[in-house]
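S.K.: Please find model01.txt (compact mmCIF, C-alpha atoms) on the next line:
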# COMPACT_ATOMS: atom_id res chain seq x y z
CA MET G 1 -25.99 -30.94 -16.49
CA PRO G 2 -24.38 -30.62 -13.02
CA PHE G 3 -23.08 -27.23 -11.91
CA GLN G 4 -19.43 -26.67 -12.78
CA PRO G 5 -17.67 -23.61 -11.35
CA VAL G 6 -15.51 -21.77 -13.85
CA LYS G 7 -12.37 -19.88 -12.91
CA TYR G 8 -11.31 -16.81 -14.84
CA TYR G 9 -7.72 -15.63 -14.76
CA GLN G 10 -6.71 -12.06 -15.38
CA THR G 11 -3.91 -11.50 -17.84
CA GLY G 12 -1.68 -8.52 -18.37
CA THR G 13 1.87 -7.29 -18.45
CA PHE G 14 2.86 -8.78 -15.11
CA THR G 15 1.18 -12.10 -15.84
CA VAL G 16 2.25 -12.77 -19.40
CA GLY G 17 5.68 -11.20 -19.20
CA ASN G 18 6.68 -13.04 -16.06
CA ARG G 19 5.80 -16.43 -17.53
CA LEU G 20 8.81 -16.03 -19.80
CA LEU G 21 11.06 -16.06 -16.72
CA PRO G 22 12.32 -19.10 -14.80
CA PRO G 23 9.68 -20.22 -12.27
CA GLU G 24 11.74 -19.15 -9.27
CA THR G 25 11.96 -15.56 -10.53
CA ARG G 26 8.32 -15.08 -11.53
CA SER G 27 5.91 -12.93 -9.58
CA VAL G 28 2.99 -14.45 -7.70
CA GLN G 29 0.67 -12.77 -10.20
CA ALA G 30 2.30 -14.76 -13.03
CA ASN G 31 1.17 -18.04 -11.44
CA MET G 32 -2.14 -19.38 -12.73
CA ARG G 33 -2.60 -21.08 -9.35
CA ARG G 34 -2.53 -17.80 -7.45
CA THR G 35 -5.46 -17.39 -5.12
CA ASN G 36 -7.07 -14.34 -6.77
CA SER G 37 -7.69 -13.19 -3.20
CA LEU G 38 -9.41 -10.02 -4.38
CA ASN G 39 -11.37 -11.40 -7.31
CA SER G 40 -13.27 -9.83 -10.19
CA GLY G 41 -16.60 -8.15 -9.60
CA HIS G 42 -15.51 -5.47 -7.14
CA ARG G 43 -16.55 -1.88 -7.67
CA ALA G 44 -13.27 0.00 -7.48
CA CYS G 45 -12.80 3.01 -9.72
CA GLN G 46 -10.99 2.49 -13.00
CA GLY G 47 -7.25 2.50 -12.38
CA CYS G 48 -7.60 2.16 -8.59
CA GLY G 49 -4.15 1.76 -7.06
CA GLU G 50 -5.56 0.38 -3.83
CA ALA G 51 -7.24 -2.52 -5.64
CA LEU G 52 -3.91 -3.39 -7.26
CA GLY G 53 -1.99 -3.08 -4.00
CA ALA G 54 -4.42 -5.24 -2.04
CA ARG G 55 -4.55 -7.95 -4.68
CA TYR G 56 -0.76 -8.12 -4.97
CA ALA G 57 -0.13 -8.07 -1.23
CA ILE G 58 -2.78 -10.58 -0.18
CA ASP G 59 -2.00 -13.03 -3.00
CA ALA G 60 1.65 -12.92 -1.93
CA ALA G 61 0.67 -13.45 1.72
CA MET G 62 -1.51 -16.40 0.81
CA GLU G 63 1.39 -18.03 -1.00
CA ALA G 64 3.80 -17.29 1.86
CA THR G 65 1.47 -18.84 4.46
CA ASN G 66 0.36 -21.88 2.44
CA ARG G 67 -3.09 -20.26 2.27
CA GLN G 68 -3.45 -20.20 6.05
CA LEU G 69 -4.49 -16.57 6.34
CA VAL G 70 -7.23 -14.41 7.88
CA ALA G 71 -7.63 -10.70 7.07
CA ALA G 72 -9.30 -7.94 9.07
CA ASN G 73 -10.31 -4.93 6.99
CA ALA G 74 -11.05 -1.39 8.16
CA THR G 75 -14.01 0.55 6.84
CA GLY G 76 -12.95 2.60 3.84
CA CYS G 77 -12.58 2.42 0.08
CA LEU G 78 -11.18 -1.11 0.09
CA GLU G 79 -14.03 -2.46 2.19
CA VAL G 80 -16.76 -0.49 0.40
CA PHE G 81 -15.83 -1.42 -3.16
CA SER G 82 -15.00 -5.06 -2.41
CA THR G 83 -17.84 -6.07 -0.09
CA PRO G 84 -21.17 -4.31 -0.58
CA TYR G 85 -23.42 -6.50 1.58
CA PRO G 86 -24.39 -9.26 0.80
CA GLU G 87 -21.77 -9.60 -1.94
CA THR G 88 -17.98 -9.92 -1.71
CA SER G 89 -14.98 -10.18 -4.01
CA TRP G 90 -12.74 -11.67 -1.30
CA GLN G 91 -11.74 -15.31 -1.69
CA ILE G 92 -10.19 -15.59 1.78
CA PRO G 93 -11.46 -15.56 5.38
CA TRP G 94 -12.15 -11.84 5.76
CA ILE G 95 -13.59 -9.79 8.61
CA HIS G 96 -14.89 -6.22 8.37
CA SER G 97 -13.98 -4.08 11.36
CA LEU G 98 -14.93 -0.54 12.28
CA PHE G 99 -12.96 2.36 10.84
CA GLY G 100 -10.66 2.65 13.82
CA ASN G 101 -10.20 -0.78 15.41
CA THR G 102 -8.75 -2.98 12.67
CA ALA G 103 -5.48 -3.54 14.52
CA ALA G 104 -7.38 -4.53 17.68
CA VAL G 105 -9.66 -6.92 15.78
CA ALA G 106 -6.65 -8.52 14.09
CA THR G 107 -4.98 -8.88 17.48
CA GLY G 108 -8.05 -10.72 18.75
CA ILE G 109 -8.02 -13.03 15.73
CA ALA G 110 -4.33 -13.84 16.32
CA ALA G 111 -5.03 -14.57 19.99
CA ALA G 112 -7.95 -16.82 19.02
CA MET G 113 -5.78 -18.77 16.56
CA LYS G 114 -3.17 -19.27 19.29
CA ALA G 115 -5.80 -20.41 21.80
CA LYS G 116 -7.21 -22.87 19.26
CA GLY G 117 -3.76 -24.36 18.69
CA LYS G 118 -3.49 -23.04 15.13
CA PRO G 119 -0.29 -20.98 15.11
CA GLU G 120 0.16 -21.70 11.42
CA THR G 121 -2.83 -19.47 10.62
CA ARG G 122 -1.46 -15.97 10.14
CA VAL G 123 -3.31 -12.68 10.43
CA ILE G 124 -3.27 -9.49 8.37
CA ALA G 125 -4.94 -6.17 9.17
CA GLN G 126 -5.43 -3.72 6.35
CA GLY G 127 -6.79 -0.22 5.88
CA GLY G 128 -6.30 3.09 4.14
CA ASP G 129 -4.37 6.06 5.43
CA GLY G 130 -7.46 7.52 7.15
CA GLY G 131 -8.14 4.32 9.08
CA THR G 132 -4.44 3.90 9.83
CA THR G 133 -2.77 7.25 10.43
CA ASP G 134 -5.82 8.94 11.97
CA ILE G 135 -8.84 7.02 13.23
CA GLY G 136 -7.06 3.74 13.93
CA PHE G 137 -3.76 5.16 15.10
CA GLY G 138 -4.26 4.39 18.80
CA CYS G 139 -5.12 0.74 18.20
CA LEU G 140 -2.21 0.45 15.77
CA SER G 141 0.28 1.86 18.27
CA GLY G 142 -1.09 -0.53 20.90
CA MET G 143 -0.57 -3.46 18.54
CA PHE G 144 3.03 -2.34 18.02
CA GLU G 145 3.65 -1.81 21.74
CA ARG G 146 2.35 -5.29 22.60
CA ASN G 147 4.21 -6.81 19.62
CA ASP G 148 1.09 -8.72 18.58
CA ASP G 149 1.60 -11.29 15.83
CA VAL G 150 -0.09 -9.31 13.05
CA LEU G 151 1.04 -7.84 9.74
CA TYR G 152 -0.65 -4.47 9.29
CA ILE G 153 -0.80 -3.18 5.70
CA CYS G 154 -1.65 0.46 5.05
CA TYR G 155 -2.71 1.32 1.50
CA ASP G 156 -1.86 5.00 1.41
CA ASN G 157 -3.72 7.12 -1.15
CA GLU G 158 -3.14 10.26 0.92
CA ALA G 159 -6.72 11.31 1.76
CA TYR G 160 -10.17 10.11 2.82
CA MET G 161 -11.16 9.04 -0.68
CA ASN G 162 -14.21 6.98 0.27
CA THR G 163 -16.04 9.95 1.79
CA GLY G 164 -15.14 12.60 -0.78
CA VAL G 165 -11.41 13.32 -0.77
CA GLN G 166 -10.99 15.01 2.62
CA ARG G 167 -7.54 15.71 4.07
CA SER G 168 -5.91 13.07 6.28
CA SER G 169 -2.69 13.30 8.27
CA ALA G 170 -1.02 11.55 5.32
CA THR G 171 -2.08 14.21 2.79
CA PRO G 172 1.03 15.91 1.38
CA PRO G 173 1.61 19.65 1.65
CA ALA G 174 0.13 21.80 -1.15
CA ALA G 175 -2.31 19.06 -2.25
CA ARG G 176 -5.84 20.35 -2.81
CA THR G 177 -8.62 18.31 -1.19
CA ALA G 178 -12.35 18.83 -0.64
CA THR G 179 -11.63 20.39 2.76
CA THR G 180 -8.32 22.19 2.15
CA THR G 181 -6.63 24.19 -0.57
CA GLY G 182 -3.16 23.20 0.54
CA GLY G 183 -3.13 19.81 2.26
CA ASN G 184 -1.11 19.58 5.46
CA ALA G 185 1.15 22.43 6.47
CA PHE G 186 4.77 21.96 5.50
CA GLY G 187 6.58 20.09 8.26
CA GLN G 188 3.39 18.54 9.64
CA GLY G 189 1.50 15.28 9.11
CA LYS G 190 2.41 11.74 10.16
CA ASN G 191 5.15 9.49 8.89
CA VAL G 192 3.79 6.18 10.16
CA PRO G 193 6.64 3.95 8.89
CA VAL G 194 9.06 6.01 10.99
CA ILE G 195 6.67 5.91 13.95
CA ALA G 196 6.44 2.13 13.58
CA MET G 197 10.24 1.91 13.56
CA ALA G 198 10.33 3.94 16.78
CA HIS G 199 8.31 1.15 18.45
CA GLY G 200 11.19 -1.24 17.69
CA ILE G 201 8.91 -3.85 16.09
CA PRO G 202 10.48 -6.72 14.13
CA TYR G 203 9.73 -5.50 10.61
CA VAL G 204 8.72 -2.28 8.85
CA ALA G 205 8.75 -1.68 5.10
CA THR G 206 7.44 0.63 2.40
CA ALA G 207 6.52 -0.35 -1.14
CA THR G 208 4.64 0.85 -4.22
CA ILE G 209 2.38 -0.74 -6.80
CA ALA G 210 5.00 0.13 -9.43
CA GLU G 211 7.48 -2.50 -8.19
CA LEU G 212 5.58 -5.78 -7.99
CA HIS G 213 8.52 -8.05 -7.19
CA ASP G 214 9.65 -5.73 -4.41
CA LEU G 215 6.16 -5.61 -2.88
CA GLU G 216 5.75 -9.38 -2.99
CA ALA G 217 9.23 -9.95 -1.55
CA LYS G 218 8.45 -7.66 1.39
CA VAL G 219 5.22 -9.50 2.13
CA ARG G 220 7.10 -12.79 2.11
CA ARG G 221 9.80 -11.33 4.34
CA ALA G 222 7.21 -9.99 6.76
CA MET G 223 5.70 -13.46 7.09
CA GLN G 224 9.06 -14.84 8.19
CA PHE G 225 8.79 -12.83 11.41
CA ARG G 226 6.57 -13.33 14.43
CA GLY G 227 5.28 -10.29 16.21
CA ALA G 228 4.05 -6.93 14.97
CA ARG G 229 4.94 -5.96 11.39
CA TYR G 230 4.01 -2.95 9.30
CA LEU G 231 3.92 -2.51 5.51
CA HIS G 232 3.10 0.91 4.04
CA VAL G 233 2.09 0.68 0.37
CA PHE G 234 1.90 3.77 -1.84
CA VAL G 235 -1.28 3.50 -3.94
CA SER G 236 -2.42 6.19 -6.35
CA CYS G 237 -6.03 7.36 -6.67
CA PRO G 238 -7.10 8.66 -10.12
CA LEU G 239 -10.34 10.13 -8.78
CA GLY G 240 -8.91 11.91 -5.74
CA TRP G 241 -5.62 12.95 -7.30
CA GLY G 242 -7.05 13.93 -10.67
CA HIS G 243 -4.80 11.97 -12.99
CA ALA G 244 -5.69 9.71 -15.91
CA SER G 245 -6.82 6.23 -14.88
CA ASP G 246 -4.12 4.57 -16.99
CA GLN G 247 -1.37 6.46 -15.12
CA SER G 248 -1.70 4.88 -11.66
CA VAL G 249 1.43 2.75 -11.84
CA ARG G 250 3.36 5.63 -13.43
CA MET G 251 2.37 7.95 -10.56
CA ALA G 252 3.68 5.45 -8.04
CA ARG G 253 6.90 5.07 -10.00
CA LEU G 254 7.38 8.85 -10.19
CA ALA G 255 6.81 9.18 -6.44
CA LYS G 256 9.68 6.80 -5.86
CA GLU G 257 11.99 8.17 -8.59
CA THR G 258 11.62 11.77 -7.38
CA GLY G 259 12.25 10.86 -3.74
CA ILE G 260 8.76 11.90 -2.66
CA PHE G 261 8.14 8.37 -1.36
CA PRO G 262 11.23 6.51 -0.08
CA VAL G 263 11.12 2.74 -0.47
CA PHE G 264 12.99 0.84 2.24
CA GLU G 265 12.76 -1.89 4.86
CA ALA G 266 13.75 -1.90 8.50
CA GLU G 267 14.20 -4.56 11.17
CA HIS G 268 13.93 -3.80 14.89
CA GLY G 269 14.01 -0.07 14.24
CA GLU G 270 17.01 0.03 11.90
CA VAL G 271 16.92 0.47 8.11
CA VAL G 272 18.45 -2.62 6.50
CA SER G 273 17.86 -1.99 2.79
CA VAL G 274 16.60 0.68 0.39
CA SER G 275 15.31 0.63 -3.17
CA LYS G 276 17.62 2.97 -5.02
CA ILE G 277 16.34 5.62 -7.41
CA ARG G 278 17.15 4.50 -10.95
CA LYS G 279 16.87 7.90 -12.64
CA ARG G 280 16.46 10.88 -10.38
CA LEU G 281 13.70 13.24 -11.52
CA PRO G 282 12.54 16.67 -10.32
CA VAL G 283 9.33 16.69 -8.30
CA GLU G 284 7.57 18.67 -11.02
CA GLU G 285 7.45 15.49 -13.10
CA TYR G 286 5.30 13.96 -10.36
CA LEU G 287 3.19 17.02 -9.55
CA LYS G 288 2.16 18.20 -13.03
CA PRO G 289 -0.06 15.24 -14.08
CA GLN G 290 -2.25 15.62 -10.96
CA ARG G 291 -5.12 18.09 -10.71
CA ARG G 292 -4.71 18.28 -6.93
CA PHE G 293 -1.48 20.18 -7.61
CA ALA G 294 -2.75 22.18 -10.62
CA HIS G 295 -2.87 25.42 -8.60
CA LEU G 296 0.92 25.23 -8.27
CA PHE G 297 1.28 25.78 -12.01
CA SER G 298 -1.69 27.98 -12.97
CA PRO G 299 -2.53 30.82 -13.28
CA GLN G 300 1.12 31.30 -12.35
CA LYS G 301 3.81 28.97 -11.12
CA ASN G 302 4.19 28.79 -7.34
CA LEU G 303 7.96 28.53 -7.24
CA GLU G 304 8.14 28.68 -3.44
CA ALA G 305 5.78 25.73 -2.84
CA ILE G 306 7.41 23.61 -5.55
CA ALA G 307 10.84 24.35 -4.08
CA ARG G 308 9.68 23.28 -0.62
CA ILE G 309 8.31 20.01 -2.00
CA GLN G 310 11.63 19.48 -3.78
CA GLU G 311 13.40 20.04 -0.46
CA MET G 312 11.25 17.31 1.12
CA ALA G 313 12.24 14.89 -1.64
CA ASP G 314 15.91 15.85 -1.32
CA ARG G 315 15.81 15.19 2.43
CA ASN G 316 14.35 11.73 1.81
CA ILE G 317 17.07 10.98 -0.72
CA LYS G 318 19.76 12.05 1.72
CA ARG G 319 18.23 10.39 4.77
CA TYR G 320 17.71 6.99 3.15
CA ARG G 321 20.65 7.20 0.72
CA LEU G 322 18.39 6.61 -2.25
CA THR G 323 21.08 7.47 -4.80
CA ASP G 324 24.73 6.51 -5.06
CA ALA G 325 25.78 10.14 -5.49
I need this file expressed as structure tokens, please.

M.R.:
Amino acid sequence: MPFQPVKYYQTGTFTVGNRLLPPETRSVQANMRRTNSLNSGHRACQGCGEALGARYAIDAAMEATNRQLVAANATGCLEVFSTPYPETSWQIPWIHSLFGNTAAVATGIAAAMKAKGKPETRVIAQGGDGGTTDIGFGCLSGMFERNDDVLYICYDNEAYMNTGVQRSSATPPAARTATTTGGNAFGQGKNVPVIAMAHGIPYVATATIAELHDLEAKVRRAMQFRGARYLHVFVSCPLGWGHASDQSVRMARLAKETGIFPVFEAEHGEVVSVSKIRKRLPVEEYLKPQRRFAHLFSPQKNLEAIARIQEMADRNIKRYRLTDA
């Protein structure tokens, strides 16, 4: 009997539920002809938010570009769990870069496509917060400054998870890591979406794995621009954050609903739309389920630290007008 490849399709809430909607309002994940860009067989931890974010974003990009897409991937969790040599779960042209030069490698790929007369082939660079906000920050800023035709996607799980949960410049204040008992100092760290906006690039957006349609829409919108674009995706990490593996989407939703993570999009340095908070919640609702913040509640409640985190969320809500109040 001749060999016959078999395709397996994942099913779940997004997939089944969206098939009840009119085709034009369904998510990419509800389409059985989606590319499954990050396919089964990878070695991500149970409940990995980064695996969800990458699958959603790259499937949406493949649809938006008529499957004419190349991805460069920084060293990190996403690369390690998806492509342990000589195996891979990627179903797209995919190139592994060093930890710090993903943006530069993607720029080279875009230049090569232009030289070969293939402008329809689009390029994505992707990495975690360590490879983006720290190690790869210089190359990323250079990509922005040159306005290279690349969409850079940062999957932000707020620490160096691949090497043992060390602090990064995206680690929030008061978060316990393997190298710190309190994360970044209050008022410090890097807000890369705002830094990207300061470069005046065509498109900057933030998104979470809790709002699939919003994430897919922003990928599609990004692909309508030429030049440098930046998408910052909030992805939870059950192992590093210390929450239950079935709570990853809920953690992302709470980050948005408390104001901890503002969801917006900007064009040429100006905010053009925000995702409003549906039901405003205190930051304690977000902090309590995570062991990295357990020291704020036991052996006694750290009212000062919690209040300062609440102030951060309140500033985000005011700055981006996340509520109608």

S.K.: To one decimal in Å, tell me the separation between atom CA of Gly259 of chain G and atom CA of Ala313 of chain G.

M.R.: 4.5 Å

S.K.: For Thr181 of chain G, which of G:His232, G:Lys256, G:Arg122, G:His295 is the closest residue, counting all atoms listed in the file?

M.R.: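 The closest residue to Thr181 of chain G is G:His295.
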
S.K.: List the neighbours of Asn147 of chain G out to 10 Å using only C-alpha atoms; skip same-chain residues closer than 4 positions along the sequence, and give me the result as an MDAnalysis selection string.

M.R.: chainID G and resid 107 141:143 199:202 226:229

S.K.: Measuring between only C-alpha atoms, which one of G:Cys237, G:Val219, G:Val70, G:Leu212 shows the shortest distance to Pro119 of chain G?

M.R.: G:Val70

S.K.: Would you work out the distance separating atom CA of Arg43 of chain G from atom CA of Val80 of chain G, expressed in Å to one decimal?

M.R.: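 Between atom CA of Arg43 of chain G and atom CA of Val80 of chain G the gap is 8.2 Å.
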
S.K.: Looking at all atoms listed in the file, which of G:Gly47, G:Pro93, G:Gly108, G:Gly182 is the one that sits closest to Arg250 of chain G?

M.R.: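 Checking each of G:Gly47, G:Pro93, G:Gly108, G:Gly182 against Arg250 of chain G, counting all atoms listed in the file, the winner is G:Gly47.
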
S.K.: Counting only C-alpha atoms, which residue out of G:Arg292, G:Glu145, G:Val123, G:Ala60 sits closest to Gln166 of chain G?

M.R.: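 Comparing G:Arg292, G:Glu145, G:Val123, G:Ala60 against Gln166 of chain G, the winner is G:Arg292.
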
S.K.: Just checking: using only C-alpha atoms, which residue out of G:Glu285, G:Phe264, G:Ser245, G:Pro23 ends up closest to Arg319 of chain G?

M.R.: G:Phe264

S.K.: Hey, which of G:Lys114, G:His243, G:Arg146, G:Lys218 ends up closest to Gln290 of chain G? Count only C-alpha atoms.

M.R.: G:His243

S.K.: So what do you get for atom CA of Gln310 of chain G versus atom CA of Glu284 of chain G, distance-wise?

M.R.: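 Separation of atom CA of Gln310 of chain G and atom CA of Glu284 of chain G: 8.3 Å.
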
S.K.: For Phe99 of chain G, list every protein, DNA or RNA residue within 8 Å, evaluated using only C-alpha atoms, and leave out those in the same chain fewer than 3 positions away; present the list as a PyMOL selection string.

M.R.: chain G and resi 74-76+102+131+135-136

S.K.: May I have the residues within 10 Å of Arg221 of chain G as an MDAnalysis selection string, using all atoms listed in the file and disregarding those fewer than 6 positions away in the same chain?

M.R.: chainID G and resid 61 64 203 205 215 265

S.K.: Limited to C-alpha atoms, could you put the picked residues into a file as a PDB file, keeping the file's coordinate frame?

M.R.:
ATOM      1  CA  ALA G  61       0.670 -13.450   1.720  1.00  0.00           C
ATOM      2  CA  ALA G  64       3.800 -17.290   1.860  1.00  0.00           C
ATOM      3  CA  TYR G 203       9.730  -5.500  10.610  1.00  0.00           C
ATOM      4  CA  ALA G 205       8.750  -1.680   5.100  1.00  0.00           C
ATOM      5  CA  LEU G 215       6.160  -5.610  -2.880  1.00  0.00           C
ATOM      6  CA  GLU G 265      12.760  -1.890   4.860  1.00  0.00           C
TER       7      GLU G 265
END

S.K.: Could you name the residues that touch Lys276 of chain G at 8 Å or less, counting all atoms listed in the file, but leaving out those on the same chain fewer than 5 positions away, as a PyMOL selection string?

M.R.: chain G and resi 263+321-324

S.K.: Leaving out Leu78 of chain G and any residue of its chain fewer than 3 positions from it, which residues lie within 10 Å of it when counting all atoms listed in the file, given as a PyMOL selection string?

M.R.: chain G and resi 42-44+48+50-51+54+73-75+81-83+126-128+155+162

S.K.: Assuming 5 Å of padding per side, give the centre and edge lengths of the axis-aligned box around every listed atom of segment 78-92 of chain G, in Å to one decimal and as lines of an AutoDock Vina configuration file.

M.R.:
center_x = -17.3
center_y = -8.0
center_z = -0.9
size_x = 24.2
size_y = 25.1
size_z = 16.2
